[in-house]
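Below is one structure, written out as C-alpha cells; the observations come after it.
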Amino acid sequence: MSLLKAVGLGIQFGGLKAVDEFDFEIDKNQLYGLIGPNGAGKTTVFNLLTGVYKPTSGQVIFDGKSLLKMSPTQITQYGIARTFQNIRLFKDMSVLDNVKVGLHHSQNYSLFSTVLRLPKYFKGEEAMEEMALSLLRVFDLEQFAHVRASNLPYGKQRKLEIARALATSPKLLLLDEPAAGMNPTETAELMETIKIVREKFSIAILLIEHDMKLVMGICEKIAVLNFGTILAFGTPEEIKNNPDVVAAYLGNDE
Ligand SMILES: Nc1ncnc2c1ncn2[C@@H]1O[C@H](COP(=O)(O)OP(=O)(O)OP(=O)(O)O)[C@@H](O)[C@H]1O
C-alpha cells in the first residue's frame with residue numbers, strides 16, 4: 001500500500017483549473033521530484049496535500065486515511081510536514097527554539113529518541129532540548145543553536161526550515177524549492193543533506209525544484225506537471241529523454 005495516494009485531485013480558482021485530474025502515489029522512504037514550468041500548479045499540489053486548499057475534486061489518502069476532512073494542523077500531526085518557497089522561520093527566535101516549536105507539534109517525538117539514539121533517561125523539557133540539538137547536529141547547525149534565526153546565512157536558514165519540519169516527525173516531507181536562492185556550493189551541500197535525511201529518518205520526500213542538477217541527481221522518480229496535469233512520470237533518465245517534457249519544460253531556459 002502506498003504511503004500517499006492522490007486520485008483525480010483538482011482545484012479550480014474561478015475559471016482556472018490550477019490542478020486537474022492529478023493522480024500520484026508515493027511509497028515509504030521514496031524520494032520523488034515534482035517539476036514543471038512556472039505556474040504549472042506545483043505549489044498548489046502541496047497546498048492541496050497539506051489541507052491549505054480543499055480540492056474541488058478527487059481524494060487524498062495518506063497512511064490509510066482520507067485527508068479531506070483534516071485541518072492543516074491535523075495533517076501535520078498525522079505525518080506530512082512541509083517547507084515553503086519563501087523561508088518562513090520564526091525570525092526573532094533562536095535556531096534551537098525554532099526546532100523546539102516543531103517538536104511541540106509532534107505527536108510521537110519519542111521516535112527521535114530512537115533515530116537519534118538518545119539515552120532513555122532524558123525526559124520532558126530536557127529530552128526536547130536534547131532532541132532539538134541532535135536534529136541541529138544532523139544539519140551541522142548545532143553551533144548556531146542560540147543564534148537568532150534571522151542572523152543565519154541564507155543557506156543555513158533553508159536547512160533550519162527542513163530541521164524544523166522534521167521535528168514534527170513526519171512520514172512524508174514536502175520541500176518547496178529548497179535550493180531557491182542558494183549558490184552552487186550551498187545547493188551541493190543541500191543535496192547531501194536531503195540524502196542523509198531520507199536515510200537517517202526513513203521518510204518519504206517529495207520536492208519541488210527548478211534546479212535540474214539537484215532533481216536529476218537525487219530523485220528516484222520525477223513527476224512533470226504542466227497546466228495542472230501530469231505530463232510525464234518516470235526515472236530521471238526517462239524524464240530527460242521524454243520529448244513532451246523537453247518541449248514543454250526542459251527545452252526552455254530553465
Ligand atoms: N489562491 C489562488 N487563487 C487564484 N489563483 C491561484 C491561487 N493559487 C494558485 N493560483 C494559480 O494557480 C496556478 C498554479 O500556481 P502554482 O503557484 O501552484 O504554480 P507553481 O507550479 O508552483 O509555479 P512556480 O514554479 O512559479 O512556483 C497559477 O496560475 C496561479 O496563479
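Simple scheme: letters A, B, ... for chains in C-alpha cells order, numbers from 1 for residues in each chain, numbers from 1 for ligands in the order shown.
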Backbone-only DSSP, strand (DSSP E) members of segment 1-246 of chain A, as number ranges by chain: A: 4-13, 16-26, 31-35, 57-62, 65-66, 80-82, 172-176, 204-208, 221-226, 229-234
Pick out the residues no farther than 8 Å from ligand 1, counting only C-alpha atoms and all ligand atoms, and list them as a short mmCIF file (atom, residue, chain, number, x, y, z; two decimals) with N, CA and C atoms, in the first residue's frame.
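After the write, result-v9.cif holds the following:
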```cif
data_model
loop_
_atom_site.label_atom_id
_atom_site.label_comp_id
_atom_site.auth_asym_id
_atom_site.auth_seq_id
_atom_site.Cartn_x
_atom_site.Cartn_y
_atom_site.Cartn_z
N PHE A 13 -9.74 27.78 -9.50
CA PHE A 13 -9.86 29.15 -8.98
C PHE A 13 -10.60 29.95 -10.03
N GLY A 14 -11.84 30.27 -9.80
CA GLY A 14 -12.63 30.93 -10.84
C GLY A 14 -12.69 30.00 -12.04
N LEU A 16 -10.02 29.05 -13.70
CA LEU A 16 -8.72 28.40 -13.91
C LEU A 16 -8.61 27.07 -13.16
N LYS A 17 -8.37 25.99 -13.94
CA LYS A 17 -8.11 24.70 -13.31
C LYS A 17 -6.62 24.65 -12.96
N ALA A 18 -6.28 25.05 -11.74
CA ALA A 18 -4.86 25.13 -11.36
C ALA A 18 -4.25 23.74 -11.25
N VAL A 19 -5.04 22.78 -10.75
CA VAL A 19 -4.64 21.37 -10.71
C VAL A 19 -5.84 20.57 -11.18
N ILE A 35 8.32 18.58 -10.86
CA ILE A 35 8.86 19.71 -11.63
C ILE A 35 7.81 20.21 -12.63
N GLY A 36 8.12 21.32 -13.25
CA GLY A 36 7.21 21.88 -14.25
C GLY A 36 7.42 23.37 -14.39
N PRO A 37 6.93 23.94 -15.47
CA PRO A 37 7.13 25.38 -15.70
C PRO A 37 6.48 26.23 -14.61
N ASN A 38 6.85 27.49 -14.54
CA ASN A 38 6.23 28.43 -13.58
C ASN A 38 4.73 28.44 -13.79
N GLY A 39 4.00 28.37 -12.69
CA GLY A 39 2.54 28.43 -12.77
C GLY A 39 1.89 27.11 -13.16
N ALA A 40 2.68 26.02 -13.20
CA ALA A 40 2.13 24.72 -13.60
C ALA A 40 1.19 24.12 -12.56
N GLY A 41 1.33 24.58 -11.31
CA GLY A 41 0.44 24.07 -10.26
C GLY A 41 1.16 23.30 -9.16
N LYS A 42 2.48 23.38 -9.12
CA LYS A 42 3.25 22.56 -8.17
C LYS A 42 2.96 22.94 -6.71
N THR A 43 3.05 24.24 -6.41
CA THR A 43 2.80 24.66 -5.03
C THR A 43 1.33 24.41 -4.66
N THR A 44 0.45 24.54 -5.65
CA THR A 44 -0.97 24.27 -5.38
C THR A 44 -1.15 22.80 -4.98
N VAL A 45 -0.40 21.90 -5.61
CA VAL A 45 -0.46 20.49 -5.21
C VAL A 45 -0.07 20.35 -3.74
N GLN A 85 8.32 27.95 -0.27
CA GLN A 85 9.16 28.60 -1.28
C GLN A 85 9.91 29.79 -0.68
N HIS A 210 13.47 23.73 -9.23
CA HIS A 210 13.80 24.13 -10.60
C HIS A 210 15.24 23.77 -10.95
N LEU A 225 4.66 18.33 -14.10
CA LEU A 225 3.33 18.95 -14.14
C LEU A 225 3.32 20.04 -15.20
N PHE A 227 0.33 22.79 -16.90
CA PHE A 227 -1.07 23.24 -16.87
C PHE A 227 -1.91 22.41 -15.90
N GLY A 228 -1.34 22.12 -14.74
CA GLY A 228 -2.10 21.45 -13.69
C GLY A 228 -2.27 19.95 -13.81
#
```
For Met212 of chain A, list every protein, DNA or RNA residue within 9 Å, evaluated using only C-alpha atoms, and leave out those in the same chain fewer than 3 positions away; present the list as a PDB file with C-alpha atoms, in the first residue's frame.
```
ATOM      1  CA  ILE A  35       8.856  19.709 -11.626  1.00  0.00           C
ATOM      2  CA  GLU A 209      12.701  22.197  -7.556  1.00  0.00           C
ATOM      3  CA  VAL A 215      16.374  16.943  -9.028  1.00  0.00           C
ATOM      4  CA  MET A 216      18.007  14.596 -11.509  1.00  0.00           C
ATOM      5  CA  GLY A 217      20.855  13.892  -9.089  1.00  0.00           C
ATOM      6  CA  LEU A 250      13.386  21.199 -20.261  1.00  0.00           C
ATOM      7  CA  GLU A 254      15.127  26.750 -17.061  1.00  0.00           C
TER       8      GLU A 254
END
```
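Closest approach to Leu190 of chain A from the set A:Val245, A:Ile26, A:Val60, A:Val138 is made by A:Val138, with distances taken over only C-alpha atoms.
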Excluding Ile218 of chain A and any residue of its chain fewer than 3 positions from it, enumerate the residues within 12 Å of it, using only C-alpha atoms, and give them as a ChimeraX atom specification. /A:30-33,187-188,190-196,198,205-207,209,211-215,221-222,235-237
List every residue of segment 1-191 of chain A that DSSP, applied to the backbone, labels as alpha helix (DSSP H), and write the result as a compact mmCIF listing (two decimals) with N, CA and C atoms, in the first residue's frame.
```
# COMPACT_ATOMS: atom_id res chain seq x y z
N LYS A 42 2.48 23.38 -9.12
CA LYS A 42 3.25 22.56 -8.17
C LYS A 42 2.96 22.94 -6.71
N THR A 43 3.05 24.24 -6.41
CA THR A 43 2.80 24.66 -5.03
C THR A 43 1.33 24.41 -4.66
N THR A 44 0.45 24.54 -5.65
CA THR A 44 -0.97 24.27 -5.38
C THR A 44 -1.15 22.80 -4.98
N VAL A 45 -0.40 21.90 -5.61
CA VAL A 45 -0.46 20.49 -5.21
C VAL A 45 -0.07 20.35 -3.74
N PHE A 46 1.02 21.02 -3.34
CA PHE A 46 1.44 20.96 -1.93
C PHE A 46 0.33 21.52 -1.02
N ASN A 47 -0.29 22.61 -1.47
CA ASN A 47 -1.36 23.20 -0.65
C ASN A 47 -2.56 22.27 -0.54
N LEU A 48 -2.79 21.48 -1.58
CA LEU A 48 -3.90 20.50 -1.53
C LEU A 48 -3.53 19.34 -0.59
N LEU A 49 -2.28 18.88 -0.69
CA LEU A 49 -1.88 17.73 0.13
C LEU A 49 -1.80 18.08 1.60
N PRO A 72 -5.03 21.68 8.31
CA PRO A 72 -3.58 21.61 8.10
C PRO A 72 -2.82 21.13 9.34
N THR A 73 -3.23 21.59 10.52
CA THR A 73 -2.54 21.16 11.75
C THR A 73 -2.70 19.65 11.97
N GLN A 74 -3.93 19.16 11.74
CA GLN A 74 -4.15 17.72 11.91
C GLN A 74 -3.31 16.92 10.91
N ILE A 75 -3.19 17.46 9.70
CA ILE A 75 -2.41 16.76 8.67
C ILE A 75 -0.93 16.72 9.06
N THR A 76 -0.44 17.84 9.63
CA THR A 76 0.96 17.84 10.12
C THR A 76 1.12 16.77 11.18
N GLN A 77 0.17 16.75 12.12
CA GLN A 77 0.29 15.78 13.21
C GLN A 77 0.14 14.35 12.71
N TYR A 78 -0.58 14.19 11.62
CA TYR A 78 -0.77 12.85 11.06
C TYR A 78 0.44 12.40 10.23
N VAL A 95 17.67 29.63 16.86
CA VAL A 95 17.68 28.46 15.99
C VAL A 95 17.10 27.26 16.76
N LEU A 96 17.54 27.10 18.01
CA LEU A 96 17.09 25.98 18.83
C LEU A 96 15.58 26.03 19.07
N ASP A 97 15.07 27.23 19.39
CA ASP A 97 13.64 27.36 19.67
C ASP A 97 12.78 27.10 18.43
N ASN A 98 13.30 27.44 17.26
CA ASN A 98 12.57 27.13 16.03
C ASN A 98 12.32 25.63 15.92
N VAL A 99 13.33 24.84 16.25
CA VAL A 99 13.18 23.38 16.17
C VAL A 99 12.26 22.88 17.27
N LYS A 100 12.38 23.50 18.46
CA LYS A 100 11.52 23.07 19.58
C LYS A 100 10.03 23.28 19.25
N VAL A 101 9.73 24.35 18.52
CA VAL A 101 8.34 24.59 18.13
C VAL A 101 7.84 23.39 17.32
N GLY A 102 8.68 22.91 16.42
CA GLY A 102 8.31 21.74 15.62
C GLY A 102 8.07 20.53 16.49
N LEU A 103 8.93 20.35 17.50
CA LEU A 103 8.78 19.19 18.39
C LEU A 103 7.47 19.25 19.16
N HIS A 104 7.06 20.48 19.54
CA HIS A 104 5.79 20.62 20.27
C HIS A 104 4.62 20.17 19.41
N SER A 110 8.95 10.65 20.54
CA SER A 110 9.79 9.58 21.11
C SER A 110 10.53 8.86 19.98
N LEU A 111 9.95 8.96 18.76
CA LEU A 111 10.60 8.38 17.59
C LEU A 111 12.03 8.86 17.48
N PHE A 112 12.23 10.16 17.83
CA PHE A 112 13.56 10.72 17.69
C PHE A 112 14.55 10.11 18.67
N SER A 113 14.04 9.75 19.83
CA SER A 113 14.94 9.13 20.81
C SER A 113 15.59 7.93 20.19
N THR A 114 14.81 7.20 19.37
CA THR A 114 15.33 6.01 18.72
C THR A 114 16.26 6.40 17.57
N VAL A 115 15.72 7.25 16.68
CA VAL A 115 16.51 7.61 15.49
C VAL A 115 17.82 8.28 15.89
N GLY A 124 10.99 14.87 29.39
CA GLY A 124 10.34 16.17 29.32
C GLY A 124 11.14 17.23 28.57
N GLU A 125 11.26 18.38 29.21
CA GLU A 125 11.90 19.54 28.58
C GLU A 125 13.35 19.24 28.20
N GLU A 126 14.02 18.49 29.08
CA GLU A 126 15.42 18.15 28.84
C GLU A 126 15.54 17.29 27.58
N ALA A 127 14.60 16.36 27.46
CA ALA A 127 14.60 15.47 26.29
C ALA A 127 14.36 16.28 25.03
N MET A 128 13.43 17.25 25.13
CA MET A 128 13.11 18.06 23.97
C MET A 128 14.32 18.87 23.52
N GLU A 129 15.00 19.45 24.51
CA GLU A 129 16.21 20.23 24.22
C GLU A 129 17.26 19.34 23.54
N GLU A 130 17.42 18.16 24.09
CA GLU A 130 18.44 17.25 23.55
C GLU A 130 18.07 16.80 22.13
N MET A 131 16.77 16.54 21.93
CA MET A 131 16.32 16.13 20.59
C MET A 131 16.53 17.25 19.58
N ALA A 132 16.19 18.48 20.01
CA ALA A 132 16.35 19.62 19.11
C ALA A 132 17.83 19.78 18.75
N LEU A 133 18.70 19.64 19.75
CA LEU A 133 20.14 19.77 19.48
C LEU A 133 20.63 18.65 18.56
N SER A 134 20.11 17.45 18.77
CA SER A 134 20.52 16.32 17.92
C SER A 134 20.10 16.55 16.48
N LEU A 135 18.88 17.11 16.32
CA LEU A 135 18.42 17.42 14.96
C LEU A 135 19.32 18.46 14.31
N LEU A 136 19.67 19.48 15.10
CA LEU A 136 20.54 20.53 14.57
C LEU A 136 21.89 19.94 14.16
N ARG A 137 22.35 18.96 14.93
CA ARG A 137 23.63 18.30 14.63
C ARG A 137 23.59 17.65 13.25
N VAL A 138 22.45 17.03 12.90
CA VAL A 138 22.31 16.39 11.59
C VAL A 138 22.55 17.42 10.48
N TYR A 154 21.71 32.70 4.57
CA TYR A 154 20.55 32.21 3.84
C TYR A 154 20.50 30.67 3.71
N GLY A 155 21.60 30.08 3.27
CA GLY A 155 21.62 28.62 3.06
C GLY A 155 21.32 27.86 4.34
N LYS A 156 21.81 28.41 5.46
CA LYS A 156 21.58 27.75 6.75
C LYS A 156 20.14 27.93 7.20
N GLN A 157 19.52 29.07 6.87
CA GLN A 157 18.10 29.26 7.20
C GLN A 157 17.26 28.21 6.48
N ARG A 158 17.63 27.92 5.24
CA ARG A 158 16.89 26.90 4.47
C ARG A 158 17.01 25.54 5.16
N LYS A 159 18.24 25.25 5.63
CA LYS A 159 18.45 23.97 6.32
C LYS A 159 17.64 23.92 7.62
N LEU A 160 17.61 25.07 8.32
CA LEU A 160 16.87 25.12 9.59
C LEU A 160 15.38 24.86 9.34
N GLU A 161 14.87 25.38 8.24
CA GLU A 161 13.46 25.13 7.91
C GLU A 161 13.19 23.63 7.78
N ILE A 162 14.13 22.93 7.15
CA ILE A 162 13.96 21.48 6.98
C ILE A 162 14.05 20.79 8.35
N ALA A 163 15.01 21.25 9.18
CA ALA A 163 15.15 20.66 10.52
C ALA A 163 13.85 20.85 11.32
N ARG A 164 13.28 22.05 11.22
CA ARG A 164 12.04 22.32 11.96
C ARG A 164 10.89 21.45 11.46
N ALA A 165 10.82 21.28 10.13
CA ALA A 165 9.77 20.43 9.57
C ALA A 165 9.96 18.99 10.05
N LEU A 166 11.21 18.55 10.11
CA LEU A 166 11.49 17.17 10.55
C LEU A 166 11.14 16.96 12.01
N PRO A 184 25.86 27.53 -5.84
CA PRO A 184 26.13 26.13 -6.18
C PRO A 184 26.70 25.30 -5.03
N THR A 185 27.54 25.93 -4.19
CA THR A 185 28.12 25.19 -3.05
C THR A 185 27.01 24.83 -2.06
N GLU A 186 26.15 25.80 -1.77
CA GLU A 186 25.05 25.55 -0.84
C GLU A 186 24.11 24.47 -1.40
N THR A 187 23.87 24.53 -2.72
CA THR A 187 22.98 23.54 -3.34
C THR A 187 23.57 22.14 -3.23
N ALA A 188 24.88 22.02 -3.49
CA ALA A 188 25.54 20.71 -3.41
C ALA A 188 25.43 20.17 -1.98
N GLU A 189 25.63 21.07 -1.00
CA GLU A 189 25.54 20.68 0.40
C GLU A 189 24.11 20.23 0.74
N LEU A 190 23.15 20.96 0.20
CA LEU A 190 21.74 20.63 0.44
C LEU A 190 21.40 19.24 -0.11
N MET A 191 21.92 18.94 -1.30
CA MET A 191 21.68 17.62 -1.90
C MET A 191 22.12 16.52 -0.95
```
I'd like the contact shell of Asp27 of chain A - 8 Å cut-off, only C-alpha atoms, skipping same-chain residues fewer than 4 positions apart - returned as a VMD selection string. chain A and resid 1 to 4 204
Shortest contact to Ala223 of chain A, candidates A:Ala81, A:Leu152, A:Ile208, A:Met70, atoms counted only C-alpha atoms, goes to A:Ile208
